[in-house]
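J.: Starting off with a structure, shown below.
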Amino acid sequence: MTEPLRIGIAGLGTVGAAVAARLITTRADFTLRAGRDLVLAGVAARDRSRDRGFDLAGIAWFEDPVALASSTDIDIFIELIGGDEGAARAAVEAALQTGKSVVTANKALLAKHGAALSALAEKKGVALAFEASAAGGIPIVKVLREAMSGNRLSRVYGIMNGTCNYILTRMEKEKLSFEECLADAQRLGYAEADPTFDIGGFDTAHKLAILTSLAFGTEIDAEAVYVEGIGSLTLLDLAMADELGYRIKLLGVATRTQSGIEQRVHPTMVPKSSAIARVKGVTNAVALDGDMVGEITLVGPGAGGNATASAVLADIVDVARGVSRPPFGIATEHLVPASRAPMTLHAGGYYIRLMVQDRPGAAAAIATRMAEKMISLESILQRGGTTYGFESPEGTVPVVLITHATTETAVRQVLDAVVADGHVIGEPQMIRIEKEQ
């Protein structure tokens with residue numbers, strides 16, 4: 001193909017502006033890589049007067065992103081608006097309906113409507129590309145869809161939210177509280193004014209739903225993802241994890257089990273020797289377990305204008321070259337409903353932290369409850385007074401139990417019984433342990 005590829009970008013925030021600027025300033029380089037000229041032909045954004053660091057002269061301006069997506073003056077539509085409904089969805093559907101390829105970084109849109117949009121793209125014979133939707137600058141979508149196609153995957157997991165990883169890294173390294181680290185993350189622009197989507201685990205859940213579909217050939221099912229955030233973690237938990245040879249990370253994990261595909265997002269203890277444990281700050285990492293290659297881990301920037309723009313630009317070049325594959329690796333009609341593995345059947349090791357009443361018989365009663373559910377313990381730690389800056393409530397001592405492999409159901413039943421017995425105060429802390437395979 002020698003005709004120029006005319007590009008329309010909807011959304012000129014941090015990512016959109018970075019993509020546009022790159023297309024303008026390094027146009028000759030992209031022409032060489034793509035084998036044809038890449039022309040930024042149109043843009044749509046809310047505020048035309050805002051300085052975005054590049055000259056908009058000669059580039060058509062659209063107030064309405066749907067009008068841009070439908071325009072005959074562009075060949076490919078780049079959606080960087082965000083959101084799972086509204087203008088983003090309408091514009092992407094309009095572009096596909098009019099036979100244009102689409103590149104998007106919109107994980108929420110894909111998590112909710114990915115199957116329908118994929119089917120529409122296939123029907124129209126155009127591309128739907130979304131490398132930037134999961135793990136930012138890490139090329140995990142291409143790896144799953146293309147490089148790992150010779151493997152049968154058993155697990156995909158990783159750190160997929162830089163905000164949470166930044167907070168946990170600061171808490172561990174500087175012994176700062178969750179609230180202090182969150183405030184710093186907001187000040188530095190790593191966290192939104194309302195950080196719920198990030199710290200509640202929902203951002204990771206959307207990304208995991210996309211990767212699960214690519215890894216296991218299933219329909220995207222974000223509702224099937226079990227989600228816990230990091231808001232309940234304390235300095236004591238991170239310090240005790242460190243003493244036991246672990247670090248705590250917010251992980252998204254999708255695993256093939258005998259009862260189905262288990263999808264979960266929650267704080268997780270990982271061995272300090274593992275590659276995932278060494279990933280700090282806003283960096284992301286995704287690990288894959290394949291039957292032929294074993295485990296591979298990809299590490300890189302998970303957010304930010306340049307990292308996400310890099311992934312968007314790679315997709316644009318693929319479209320320019322004429323590269324078009326089923327968006328989720330296989331035809332949408334062959335994606336199968338994910339057989340959900342309930343969390344109650346999850347099996348593994350657990351970290352349990354209890355604030356135990358400092359009185360005779362309390363520890364023995366807890367041990368008895370563990371034995372009743374056939375839970376064996378790998379280690380027990382008990383600390384008194386002020387531990388790692390954490391002052392125990394009067395009349396209690398923190399007790400940490402590390403279990404051998406057991407079931408989620410057994411652990412929850414034991415904790416319910418221990419609370420009912422009156423031997424602990426407050427909510428028990430339970431963190432799952434993820435081992436390297």
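Every chain in the structure tokens has a letter given in the order shown (A, B, ...), and although residue numbers restart at 1 in each chain, ligands are simply numbered from 1 in the order shown.
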Taking only segment 167-390 of chain A into account, list the residues labelled alpha helix (DSSP H) by DSSP (computed from the backbone), as number ranges by chain.

T.: A: 167-174, 178-187, 196-199, 202-216, 235-243, 305-321, 362-372

J.: As an mmCIF file with N, CA, C and O atoms, in the first residue's frame, please: every residue in segment 13-164 of chain A that a backbone DSSP assignment puts in strand (DSSP E or B).

T.:
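So result-v1.cif came out as:
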```cif
data_model
loop_
_atom_site.group_PDB
_atom_site.id
_atom_site.type_symbol
_atom_site.label_atom_id
_atom_site.label_comp_id
_atom_site.auth_asym_id
_atom_site.auth_seq_id
_atom_site.Cartn_x
_atom_site.Cartn_y
_atom_site.Cartn_z
ATOM 1 N N LEU A 38 2.232 8.413 7.080
ATOM 2 C CA LEU A 38 1.224 8.508 8.119
ATOM 3 C C LEU A 38 0.887 9.982 8.327
ATOM 4 O O LEU A 38 1.750 10.770 8.703
ATOM 5 N N VAL A 39 -0.362 10.350 8.090
ATOM 6 C CA VAL A 39 -0.778 11.750 8.111
ATOM 7 C C VAL A 39 -1.822 11.948 9.205
ATOM 8 O O VAL A 39 -2.859 11.267 9.213
ATOM 9 N N LEU A 40 -1.549 12.862 10.118
ATOM 10 C CA LEU A 40 -2.556 13.225 11.112
ATOM 11 C C LEU A 40 -3.545 14.159 10.444
ATOM 12 O O LEU A 40 -3.263 15.334 10.206
ATOM 13 N N ALA A 41 -4.733 13.637 10.105
ATOM 14 C CA ALA A 41 -5.688 14.376 9.283
ATOM 15 C C ALA A 41 -6.765 15.074 10.093
ATOM 16 O O ALA A 41 -7.354 16.061 9.628
ATOM 17 N N GLY A 42 -7.075 14.560 11.304
ATOM 18 C CA GLY A 42 -8.143 15.175 12.067
ATOM 19 C C GLY A 42 -8.038 14.847 13.536
ATOM 20 O O GLY A 42 -7.502 13.798 13.915
ATOM 21 N N VAL A 43 -8.560 15.742 14.374
ATOM 22 C CA VAL A 43 -8.560 15.518 15.819
ATOM 23 C C VAL A 43 -9.897 15.981 16.391
ATOM 24 O O VAL A 43 -10.591 16.819 15.799
ATOM 25 N N ALA A 44 -10.228 15.421 17.563
ATOM 26 C CA ALA A 44 -11.425 15.864 18.283
ATOM 27 C C ALA A 44 -11.069 15.956 19.756
ATOM 28 O O ALA A 44 -10.466 15.032 20.313
ATOM 29 N N ALA A 60 -7.692 19.025 10.571
ATOM 30 C CA ALA A 60 -9.119 19.283 10.732
ATOM 31 C C ALA A 60 -9.536 19.086 12.192
ATOM 32 O O ALA A 60 -9.126 18.119 12.837
ATOM 33 N N TRP A 61 -10.353 20.026 12.693
ATOM 34 C CA TRP A 61 -10.828 19.960 14.083
ATOM 35 C C TRP A 61 -12.311 19.580 14.092
ATOM 36 O O TRP A 61 -13.118 20.138 13.360
ATOM 37 N N PHE A 62 -12.636 18.606 14.940
ATOM 38 C CA PHE A 62 -14.017 18.152 15.080
ATOM 39 C C PHE A 62 -14.459 18.354 16.520
ATOM 40 O O PHE A 62 -13.768 17.959 17.451
ATOM 41 N N ILE A 76 -8.253 5.682 9.639
ATOM 42 C CA ILE A 76 -8.100 4.954 10.896
ATOM 43 C C ILE A 76 -8.478 5.890 12.045
ATOM 44 O O ILE A 76 -8.133 7.080 12.014
ATOM 45 N N PHE A 77 -9.186 5.352 13.030
ATOM 46 C CA PHE A 77 -9.683 6.161 14.140
ATOM 47 C C PHE A 77 -8.990 5.735 15.426
ATOM 48 O O PHE A 77 -8.980 4.550 15.775
ATOM 49 N N ILE A 78 -8.424 6.715 16.142
ATOM 50 C CA ILE A 78 -7.718 6.464 17.393
ATOM 51 C C ILE A 78 -8.578 6.987 18.539
ATOM 52 O O ILE A 78 -8.783 8.199 18.648
ATOM 53 N N GLU A 79 -9.091 6.090 19.386
ATOM 54 C CA GLU A 79 -9.974 6.491 20.483
ATOM 55 C C GLU A 79 -9.184 6.574 21.776
ATOM 56 O O GLU A 79 -8.716 5.565 22.301
ATOM 57 N N SER A 101 -10.389 0.969 10.571
ATOM 58 C CA SER A 101 -9.709 0.303 11.680
ATOM 59 C C SER A 101 -9.684 1.230 12.878
ATOM 60 O O SER A 101 -9.713 2.462 12.729
ATOM 61 N N VAL A 102 -9.650 0.635 14.061
ATOM 62 C CA VAL A 102 -9.679 1.390 15.306
ATOM 63 C C VAL A 102 -8.509 0.983 16.182
ATOM 64 O O VAL A 102 -8.204 -0.207 16.308
ATOM 65 N N VAL A 103 -7.852 1.963 16.777
ATOM 66 C CA VAL A 103 -6.857 1.742 17.820
ATOM 67 C C VAL A 103 -7.374 2.422 19.077
ATOM 68 O O VAL A 103 -7.792 3.584 19.027
ATOM 69 N N THR A 104 -7.360 1.713 20.191
ATOM 70 C CA THR A 104 -7.860 2.282 21.434
ATOM 71 C C THR A 104 -6.991 1.875 22.611
ATOM 72 O O THR A 104 -6.353 0.815 22.589
ATOM 73 N N LEU A 128 -9.144 -4.030 15.030
ATOM 74 C CA LEU A 128 -9.420 -3.428 16.334
ATOM 75 C C LEU A 128 -8.199 -3.725 17.185
ATOM 76 O O LEU A 128 -7.974 -4.869 17.586
ATOM 77 N N ALA A 129 -7.381 -2.709 17.421
ATOM 78 C CA ALA A 129 -6.096 -2.894 18.095
ATOM 79 C C ALA A 129 -6.115 -2.181 19.437
ATOM 80 O O ALA A 129 -6.620 -1.059 19.538
ATOM 81 N N LEU A 153 -1.268 -21.894 27.834
ATOM 82 C CA LEU A 153 -0.982 -21.132 29.045
ATOM 83 C C LEU A 153 -1.776 -21.671 30.221
ATOM 84 O O LEU A 153 -2.936 -22.059 30.088
ATOM 85 N N SER A 154 -1.128 -21.674 31.375
ATOM 86 C CA SER A 154 -1.814 -22.098 32.596
ATOM 87 C C SER A 154 -2.090 -20.926 33.526
ATOM 88 O O SER A 154 -2.994 -20.989 34.367
ATOM 89 N N ARG A 155 -1.321 -19.829 33.350
ATOM 90 C CA ARG A 155 -1.501 -18.694 34.254
ATOM 91 C C ARG A 155 -0.958 -17.425 33.615
ATOM 92 O O ARG A 155 0.059 -17.444 32.927
ATOM 93 N N VAL A 156 -1.650 -16.308 33.841
ATOM 94 C CA VAL A 156 -1.134 -14.984 33.523
ATOM 95 C C VAL A 156 -1.393 -14.119 34.747
ATOM 96 O O VAL A 156 -2.491 -14.126 35.301
ATOM 97 N N TYR A 157 -0.352 -13.436 35.207
ATOM 98 C CA TYR A 157 -0.524 -12.641 36.418
ATOM 99 C C TYR A 157 0.479 -11.505 36.432
ATOM 100 O O TYR A 157 1.481 -11.542 35.712
ATOM 101 N N GLY A 158 0.192 -10.505 37.264
ATOM 102 C CA GLY A 158 1.168 -9.441 37.343
ATOM 103 C C GLY A 158 0.673 -8.190 38.032
ATOM 104 O O GLY A 158 -0.444 -8.106 38.537
ATOM 105 N N ILE A 159 1.577 -7.231 38.052
ATOM 106 C CA ILE A 159 1.320 -5.891 38.590
ATOM 107 C C ILE A 159 0.857 -5.036 37.423
ATOM 108 O O ILE A 159 1.620 -4.778 36.498
#
```

J.: Find the spatial neighbours of Ala275 of chain A, counting only C-alpha atoms, within a cut-off of 10 Å - ignore same-chain residues fewer than 3 positions away - and output them as a list of chain:residue names.

T.: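 Here the qualifying residues turn out to be A:Val270, A:Pro271, A:Lys272, A:Arg278, A:Val279, A:Ala285, A:Val286, A:Ala287, A:Ile296, A:Thr297, A:Leu298, A:Val299, A:Glu436.
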
J.: Between atom CA of Ile248 of chain A and atom CA of Gly162 of chain A, what is the distance in Å, rounded to a tenth?

T.: 14.0 Å

J.: What is the distance, in Å and to one decimal place, between atom CA of Leu208 of chain A and atom CA of Ala94 of chain A?

T.: 26.6 Å

J.: Name the residues in contact with Gly150 of chain A at a cut-off of 10 Å, using only C-alpha atoms, excluding same-chain residues fewer than 2 positions from it; report them as a list in words.

T.: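 With the cut-off at 10 Å, the set is Glu146, Ala147, Met148, Arg152, Leu153, Gly290, Asp291, Met292 and Val293 of chain A.
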
J.: Generate the output file for the selected residues, N, CA and C atoms, as a compact mmCIF listing (two decimals), in the first residue's frame.

T.:
```
# COMPACT_ATOMS: atom_id res chain seq x y z
N GLU A 146 0.31 -13.33 19.69
CA GLU A 146 1.17 -13.77 18.59
C GLU A 146 2.34 -14.64 19.06
N ALA A 147 3.19 -14.08 19.92
CA ALA A 147 4.42 -14.78 20.28
C ALA A 147 4.18 -16.05 21.08
N MET A 148 3.08 -16.10 21.86
CA MET A 148 2.82 -17.26 22.71
C MET A 148 1.78 -18.21 22.11
N ARG A 152 0.32 -23.59 25.46
CA ARG A 152 -0.92 -23.66 26.22
C ARG A 152 -0.62 -23.02 27.57
N LEU A 153 -1.27 -21.89 27.83
CA LEU A 153 -0.98 -21.13 29.04
C LEU A 153 -1.78 -21.67 30.22
N GLY A 290 3.75 -20.81 30.38
CA GLY A 290 3.41 -21.60 29.19
C GLY A 290 3.98 -23.00 29.29
N ASP A 291 3.33 -23.95 28.64
CA ASP A 291 3.78 -25.34 28.77
C ASP A 291 5.07 -25.61 28.01
N MET A 292 5.45 -24.72 27.07
CA MET A 292 6.68 -24.94 26.31
C MET A 292 7.82 -24.05 26.77
N VAL A 293 7.51 -22.82 27.19
CA VAL A 293 8.57 -21.88 27.56
C VAL A 293 8.74 -21.73 29.06
```

J.: Considering only C-alpha atoms, return as a PyMOL selection string whatever protein or nucleic-acid residues lie within 9 Å of Asp75 of chain A, sequence-local ones (same chain, fewer than 3 positions apart) excluded.

T.: chain A and resi 5-8+71-72+99-101

J.: Would you output that residue set with N, CA and C atoms, as a PDB file, in the first residue's frame?

T.:
```
ATOM      1  N   LEU A   5      -1.806   6.920   5.001  1.00  0.00           N
ATOM      2  CA  LEU A   5      -2.801   6.515   5.982  1.00  0.00           C
ATOM      3  C   LEU A   5      -3.224   7.766   6.737  1.00  0.00           C
ATOM      4  N   ARG A   6      -4.478   8.139   6.589  1.00  0.00           N
ATOM      5  CA  ARG A   6      -4.993   9.370   7.203  1.00  0.00           C
ATOM      6  C   ARG A   6      -5.564   9.023   8.586  1.00  0.00           C
ATOM      7  N   ILE A   7      -5.032   9.674   9.603  1.00  0.00           N
ATOM      8  CA  ILE A   7      -5.302   9.298  10.991  1.00  0.00           C
ATOM      9  C   ILE A   7      -6.174  10.341  11.667  1.00  0.00           C
ATOM     10  N   GLY A   8      -7.178   9.879  12.418  1.00  0.00           N
ATOM     11  CA  GLY A   8      -7.992  10.758  13.242  1.00  0.00           C
ATOM     12  C   GLY A   8      -7.858  10.369  14.698  1.00  0.00           C
ATOM     13  N   SER A  71     -16.058  10.383   9.471  1.00  0.00           N
ATOM     14  CA  SER A  71     -15.582  11.212   8.365  1.00  0.00           C
ATOM     15  C   SER A  71     -14.905  10.377   7.275  1.00  0.00           C
ATOM     16  N   THR A  72     -15.162  10.752   6.031  1.00  0.00           N
ATOM     17  CA  THR A  72     -14.497  10.099   4.896  1.00  0.00           C
ATOM     18  C   THR A  72     -13.072  10.611   4.704  1.00  0.00           C
ATOM     19  N   GLY A  99     -16.190   1.078   8.180  1.00  0.00           N
ATOM     20  CA  GLY A  99     -15.068   0.364   7.589  1.00  0.00           C
ATOM     21  C   GLY A  99     -13.704   0.902   7.931  1.00  0.00           C
ATOM     22  N   LYS A 100     -13.576   1.548   9.084  1.00  0.00           N
ATOM     23  CA  LYS A 100     -12.273   2.061   9.505  1.00  0.00           C
ATOM     24  C   LYS A 100     -11.688   1.182  10.603  1.00  0.00           C
ATOM     25  N   SER A 101     -10.389   0.969  10.571  1.00  0.00           N
ATOM     26  CA  SER A 101      -9.709   0.303  11.680  1.00  0.00           C
ATOM     27  C   SER A 101      -9.684   1.230  12.878  1.00  0.00           C
TER      28      SER A 101
END
```

J.: Skipping near chain neighbours, those fewer than 4 positions away, what residues fall within 12 Å of Leu168 of chain A using only C-alpha atoms, listed as a ChimeraX atom specification?

T.: /A:159,161-164,172-182,185,199,229-235,237-239,247-251,267-269,277,279-283

J.: Would you write out those residues with N, CA and C atoms, as a short mmCIF file (atom, residue, chain, number, x, y, z; two decimals), in the first residue's frame?

T.:
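File result_28.cif, as written:
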```cif
data_model
loop_
_atom_site.label_atom_id
_atom_site.label_comp_id
_atom_site.auth_asym_id
_atom_site.auth_seq_id
_atom_site.Cartn_x
_atom_site.Cartn_y
_atom_site.Cartn_z
N ILE A 159 1.58 -7.23 38.05
CA ILE A 159 1.32 -5.89 38.59
C ILE A 159 0.86 -5.04 37.42
N ASN A 161 -1.14 -2.05 37.84
CA ASN A 161 -1.54 -0.69 38.23
C ASN A 161 -0.38 0.00 38.93
N GLY A 162 0.18 1.01 38.27
CA GLY A 162 1.34 1.69 38.82
C GLY A 162 1.06 2.48 40.08
N THR A 163 -0.16 2.99 40.22
CA THR A 163 -0.51 3.75 41.42
C THR A 163 -0.38 2.89 42.66
N CYS A 164 -0.98 1.70 42.61
CA CYS A 164 -0.93 0.80 43.77
C CYS A 164 0.50 0.35 44.05
N GLU A 172 6.57 0.24 52.13
CA GLU A 172 7.59 -0.71 52.56
C GLU A 172 8.94 -0.04 52.79
N LYS A 173 9.33 0.80 51.85
CA LYS A 173 10.68 1.37 51.90
C LYS A 173 10.82 2.47 52.94
N GLU A 174 9.80 3.33 53.06
CA GLU A 174 9.92 4.52 53.90
C GLU A 174 9.09 4.45 55.17
N LYS A 175 8.40 3.31 55.36
CA LYS A 175 7.59 3.11 56.58
C LYS A 175 6.54 4.22 56.75
N LEU A 176 5.93 4.60 55.64
CA LEU A 176 4.88 5.60 55.65
C LEU A 176 3.52 4.91 55.60
N SER A 177 2.50 5.54 56.15
CA SER A 177 1.17 4.94 56.16
C SER A 177 0.56 4.96 54.76
N PHE A 178 -0.46 4.15 54.58
CA PHE A 178 -1.19 4.11 53.33
C PHE A 178 -1.70 5.50 52.97
N GLU A 179 -2.28 6.20 53.95
CA GLU A 179 -2.86 7.52 53.70
C GLU A 179 -1.80 8.52 53.25
N GLU A 180 -0.61 8.49 53.86
CA GLU A 180 0.47 9.39 53.47
C GLU A 180 0.92 9.11 52.04
N CYS A 181 1.07 7.86 51.70
CA CYS A 181 1.55 7.49 50.37
C CYS A 181 0.52 7.81 49.29
N LEU A 182 -0.75 7.61 49.61
CA LEU A 182 -1.81 7.95 48.67
C LEU A 182 -1.81 9.46 48.40
N ALA A 185 0.95 10.24 46.09
CA ALA A 185 0.65 9.77 44.74
C ALA A 185 -0.29 10.74 44.03
N ILE A 199 -7.03 2.14 43.57
CA ILE A 199 -6.70 1.46 44.83
C ILE A 199 -7.74 0.40 45.18
N GLY A 229 -9.14 -4.42 47.05
CA GLY A 229 -8.17 -3.34 46.92
C GLY A 229 -7.10 -3.39 48.00
N ILE A 230 -6.33 -2.32 48.10
CA ILE A 230 -5.19 -2.30 49.02
C ILE A 230 -5.44 -1.43 50.26
N GLY A 231 -6.66 -0.91 50.40
CA GLY A 231 -6.92 0.05 51.46
C GLY A 231 -6.80 -0.48 52.87
N SER A 232 -6.90 -1.80 53.05
CA SER A 232 -6.84 -2.37 54.40
C SER A 232 -5.43 -2.71 54.86
N LEU A 233 -4.44 -2.55 53.97
CA LEU A 233 -3.07 -2.95 54.31
C LEU A 233 -2.44 -1.94 55.28
N THR A 234 -1.68 -2.47 56.22
CA THR A 234 -1.01 -1.62 57.21
C THR A 234 0.50 -1.80 57.10
N LEU A 235 1.23 -0.89 57.74
CA LEU A 235 2.69 -1.02 57.82
C LEU A 235 3.09 -2.33 58.49
N ASP A 237 1.57 -5.20 58.28
CA ASP A 237 1.47 -6.29 57.31
C ASP A 237 2.69 -6.32 56.39
N LEU A 238 3.09 -5.15 55.90
CA LEU A 238 4.25 -5.12 54.99
C LEU A 238 5.52 -5.52 55.71
N ALA A 239 5.67 -5.07 56.96
CA ALA A 239 6.88 -5.40 57.72
C ALA A 239 6.93 -6.88 58.07
N ARG A 247 7.07 -9.96 49.80
CA ARG A 247 6.59 -8.60 49.60
C ARG A 247 5.12 -8.67 49.24
N ILE A 248 4.42 -7.59 49.51
CA ILE A 248 3.00 -7.53 49.19
C ILE A 248 2.81 -6.67 47.95
N LYS A 249 2.14 -7.23 46.95
CA LYS A 249 1.84 -6.54 45.71
C LYS A 249 0.36 -6.71 45.39
N LEU A 250 -0.23 -5.71 44.74
CA LEU A 250 -1.57 -5.90 44.20
C LEU A 250 -1.41 -6.61 42.86
N LEU A 251 -1.88 -7.84 42.80
CA LEU A 251 -1.75 -8.64 41.58
C LEU A 251 -3.11 -8.89 40.94
N PRO A 267 -4.50 -7.93 47.10
CA PRO A 267 -3.13 -7.90 47.64
C PRO A 267 -2.61 -9.32 47.76
N THR A 268 -1.35 -9.51 47.41
CA THR A 268 -0.78 -10.85 47.34
C THR A 268 0.64 -10.82 47.89
N MET A 269 0.98 -11.85 48.64
CA MET A 269 2.36 -12.01 49.10
C MET A 269 3.12 -12.84 48.09
N ALA A 277 8.39 -9.56 42.65
CA ALA A 277 8.65 -8.87 43.92
C ALA A 277 9.63 -7.73 43.76
N VAL A 279 9.78 -5.61 41.32
CA VAL A 279 9.22 -4.52 40.52
C VAL A 279 8.70 -3.44 41.47
N LYS A 280 9.26 -2.23 41.36
CA LYS A 280 8.96 -1.17 42.33
C LYS A 280 8.42 0.08 41.65
N GLY A 281 7.87 0.96 42.46
CA GLY A 281 7.38 2.24 41.96
C GLY A 281 6.20 2.07 41.03
N VAL A 282 6.13 2.92 39.99
CA VAL A 282 4.99 2.89 39.07
C VAL A 282 5.17 1.87 37.96
N THR A 283 6.23 1.09 38.02
CA THR A 283 6.49 0.09 37.00
C THR A 283 5.47 -1.05 37.07
#
```

J.: Between atom CA of Ile366 of chain A and atom CA of Val414 of chain A, what is the distance, to one decimal in Å?

T.: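 Answer for the atom CA of Ile366 of chain A to atom CA of Val414 of chain A separation: 8.4 Å.
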